[in-house]
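Below is one structure, written out as structure tokens; the observations come after it.
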Amino acid sequence: DFITSRYPEIIMRDLEGKPVVWYDNSPLPAYNHPKYVEGVRRYFTALCKEVIFPEQFSQGGPILAAQIDNELMYSMQPLSHPFTWGYEEDTVRQFREWLKDKYGSIENYNKIHETDYSDWESINPPKKLKLNKAKDWLPLQDWIIFKEDYIAKMLKTYTQILRECGVDIPTFVDINGGEQEYISPNNFYKMAQHVWVGPNFYPGGDPLKYPIWMMNTVLRWRLIQWAQPDKPGFCP
């Protein structure tokens with residue numbers, strides 16, 4: 001909580017503007033908020049200098065890879081629901097920039113969505129699902145794809161910080177072991193453009209008595225490998 005208490009503007013918000021919290025009720029940060037990225041940069045730079053760089057494999061050390069994040073927090077239940085996070089001011093700003101990059105002009109956006117917005121600032125993230133016609137699906141689709149890109153951007157940014165510090169070993173992220181991992185914001189292909197991706201393996205006991213655990217692990221591993229055929233399969 002030390003960074004969110006000092007910089008409350010980086011706290012992720014839900015659709016009602018309330019802080020998004022972890023299981024221990026501590027507020028979660030917005031991965032790509034400039035102030036939070038600045039904190040990550042300071043931490044990673046110090047970590048690289050004192051630990052990773054001198055001990056990485058290319059320097060003769062034992063460190064083979066660097067973990068960027070642990071079980072992406074915004075893919076954990078119940079945060080995998082599309083309306084549970086992303087409503088903090090800077091994330092909304094990034095969403096509007098994403099829309100602008102995708103559609104080019106507000107006129108083109110209005111034409112495709114059958115809307116009449118005057119500018120990008122008038123567009124807000126969806127807060128509920130309304131499907132009265134086919135076009136009603138588009139705002140939700142934009143929101144979900146943006147979140148996939150948001151996670152990929154975080155992995156790219158954090159990895160780049162390590163690269164700038166001279167770290168040349170692979171970076172990776174692990175995927176938690178629930179059914180929600182197969183949906184947004186977990187887009188394995190987009191994530192794999194920047195890091196290695198591997199599924200966690202939590203054995204549930206005797207696989208003959210609890211085959212679902214083994215089946216889920218194999219399914220996760222196969223889905224991820226299809227998304228990153230050029231990378232080795234592994235369970236971190």
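Following the order of the structure tokens, chains are lettered A, B, ..., residues in each are numbered from 1, and ligands are numbered from 1.
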Give me, as a tab-separated table (two decimals) with N, CA, C and O atoms, in the first residue's frame, all polymer residues having an atom no more than 12 Å from Ala227 in chain A, counting only C-alpha atoms and skipping those fewer than 5 positions away in the same chain.
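Result saved to part_19.tsv:
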chain	number	residue	atom	x	y	z
A	186	ASN	N	-6.67	-11.72	-20.70
A	186	ASN	CA	-5.62	-12.66	-21.08
A	186	ASN	C	-5.70	-13.01	-22.55
A	186	ASN	O	-6.44	-13.91	-22.95
A	187	ASN	N	-4.96	-12.30	-23.36
A	187	ASN	CA	-4.80	-12.67	-24.76
A	187	ASN	C	-3.37	-13.20	-24.90
A	187	ASN	O	-2.41	-12.44	-24.95
A	188	PHE	N	-3.25	-14.52	-24.92
A	188	PHE	CA	-1.93	-15.14	-24.86
A	188	PHE	C	-1.04	-14.71	-26.02
A	188	PHE	O	0.16	-14.52	-25.85
A	189	TYR	N	-1.63	-14.55	-27.19
A	189	TYR	CA	-0.82	-14.16	-28.36
A	189	TYR	C	-0.22	-12.77	-28.16
A	189	TYR	O	0.97	-12.56	-28.40
A	190	LYS	N	-1.04	-11.82	-27.74
A	190	LYS	CA	-0.54	-10.45	-27.55
A	190	LYS	C	0.50	-10.40	-26.43
A	190	LYS	O	1.50	-9.67	-26.53
A	191	MET	N	0.29	-11.16	-25.38
A	191	MET	CA	1.24	-11.19	-24.28
A	191	MET	C	2.57	-11.78	-24.74
A	191	MET	O	3.65	-11.29	-24.38
A	192	ALA	N	2.49	-12.81	-25.56
A	192	ALA	CA	3.69	-13.52	-26.00
A	192	ALA	C	4.55	-12.72	-26.97
A	192	ALA	O	5.67	-13.12	-27.27
A	193	GLN	N	4.04	-11.60	-27.46
A	193	GLN	CA	4.86	-10.73	-28.31
A	193	GLN	C	5.96	-10.05	-27.50
A	193	GLN	O	6.93	-9.53	-28.09
A	195	VAL	N	6.81	-11.26	-23.84
A	195	VAL	CA	7.38	-12.10	-22.79
A	195	VAL	C	7.07	-13.57	-23.09
A	195	VAL	O	6.23	-13.87	-23.93
A	196	TRP	N	7.75	-14.46	-22.40
A	196	TRP	CA	7.34	-15.86	-22.40
A	196	TRP	C	6.13	-15.98	-21.48
A	196	TRP	O	6.03	-15.30	-20.46
A	197	VAL	N	5.20	-16.84	-21.84
A	197	VAL	CA	3.99	-17.05	-21.05
A	197	VAL	C	3.92	-18.52	-20.65
A	197	VAL	O	4.12	-19.41	-21.49
A	198	GLY	N	3.65	-18.78	-19.39
A	198	GLY	CA	3.54	-20.15	-18.92
A	198	GLY	C	2.42	-20.31	-17.91
A	198	GLY	O	2.14	-19.39	-17.14
A	220	ARG	N	-4.36	-25.49	-20.54
A	220	ARG	CA	-3.71	-24.19	-20.45
A	220	ARG	C	-2.40	-24.19	-21.23
A	220	ARG	O	-2.10	-23.25	-21.98
A	221	TRP	N	-1.62	-25.25	-21.03
A	221	TRP	CA	-0.31	-25.33	-21.68
A	221	TRP	C	-0.46	-25.34	-23.19
A	221	TRP	O	0.26	-24.64	-23.91
A	222	ARG	N	-1.45	-26.09	-23.71
A	222	ARG	CA	-1.64	-26.17	-25.16
A	222	ARG	C	-2.12	-24.84	-25.73
A	222	ARG	O	-1.65	-24.40	-26.79
A	232	PRO	N	9.62	-21.88	-25.85
A	232	PRO	CA	9.53	-23.19	-25.17
A	232	PRO	C	8.32	-23.24	-24.25
A	232	PRO	O	7.90	-22.22	-23.70
A	233	GLY	N	7.77	-24.42	-24.09
A	233	GLY	CA	6.68	-24.60	-23.15
A	233	GLY	C	7.24	-24.82	-21.74
A	233	GLY	O	8.22	-25.52	-21.57
Note to self: Neighbouring residues of Gly17 in chain A were defined as those with any atom within 12 Å, considering only C-alpha atoms; residues of the same chain fewer than 2 positions away were excluded. Please report them as a PyMOL selection string.
What the structure shows: chain A and resi 9+11-15+19-20+83-89+92+127
Residue set, chain A restricted to strand (DSSP E or B), as a short mmCIF file (atom, residue, chain, number, x, y, z; two decimals) with C-alpha atoms, in the first residue's frame:
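And here is the file that came out, selection.cif:
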data_model
loop_
_atom_site.label_atom_id
_atom_site.label_comp_id
_atom_site.auth_asym_id
_atom_site.auth_seq_id
_atom_site.Cartn_x
_atom_site.Cartn_y
_atom_site.Cartn_z
CA ILE A 11 -5.44 3.51 -7.68
CA ARG A 13 -11.25 2.29 -10.00
CA PRO A 19 -11.00 1.52 -5.48
CA VAL A 21 -8.96 -4.02 -4.13
CA PRO A 27 -6.01 -1.08 -3.34
CA PRO A 29 -2.58 0.22 -8.93
CA GLN A 56 22.14 -13.12 -15.01
CA ILE A 63 19.48 -16.22 -13.08
CA ALA A 66 13.04 -12.53 -14.96
CA GLN A 67 9.38 -12.59 -13.95
CA ILE A 68 7.61 -9.37 -14.96
CA ASP A 69 4.43 -9.89 -12.95
CA THR A 171 11.24 -12.23 -19.30
CA PHE A 172 8.08 -14.15 -18.47
CA VAL A 173 4.70 -14.03 -16.81
CA ASP A 174 2.72 -16.86 -15.25
CA ILE A 175 -0.98 -17.48 -15.78
CA TRP A 196 7.34 -15.86 -22.40
CA VAL A 197 3.99 -17.05 -21.05
CA GLY A 198 3.54 -20.15 -18.92
CA PRO A 199 0.67 -21.70 -16.95
#
Checklist line | Residue contacts of Ile169 in chain A (10 Å, only C-alpha atoms) excluding same-chain residues fewer than 4 positions away, as a PyMOL selection string | finding: chain A and resi 52-53+56-58+63-66+162-163
For the residues in the current selection, export C-alpha atoms as a compact mmCIF listing (two decimals), in the first residue's frame.
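Written file, again-v4.txt:
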# COMPACT_ATOMS: atom_id res chain seq x y z
CA ILE A 52 19.73 -9.25 -11.88
CA PHE A 53 22.44 -7.80 -14.13
CA GLN A 56 22.14 -13.12 -15.01
CA PHE A 57 23.18 -16.13 -17.05
CA SER A 58 25.01 -14.12 -19.70
CA ILE A 63 19.48 -16.22 -13.08
CA LEU A 64 17.96 -17.63 -16.26
CA ALA A 65 14.81 -15.48 -16.59
CA ALA A 66 13.04 -12.53 -14.96
CA LEU A 162 14.84 -4.23 -17.79
CA ARG A 163 16.41 -4.16 -21.26
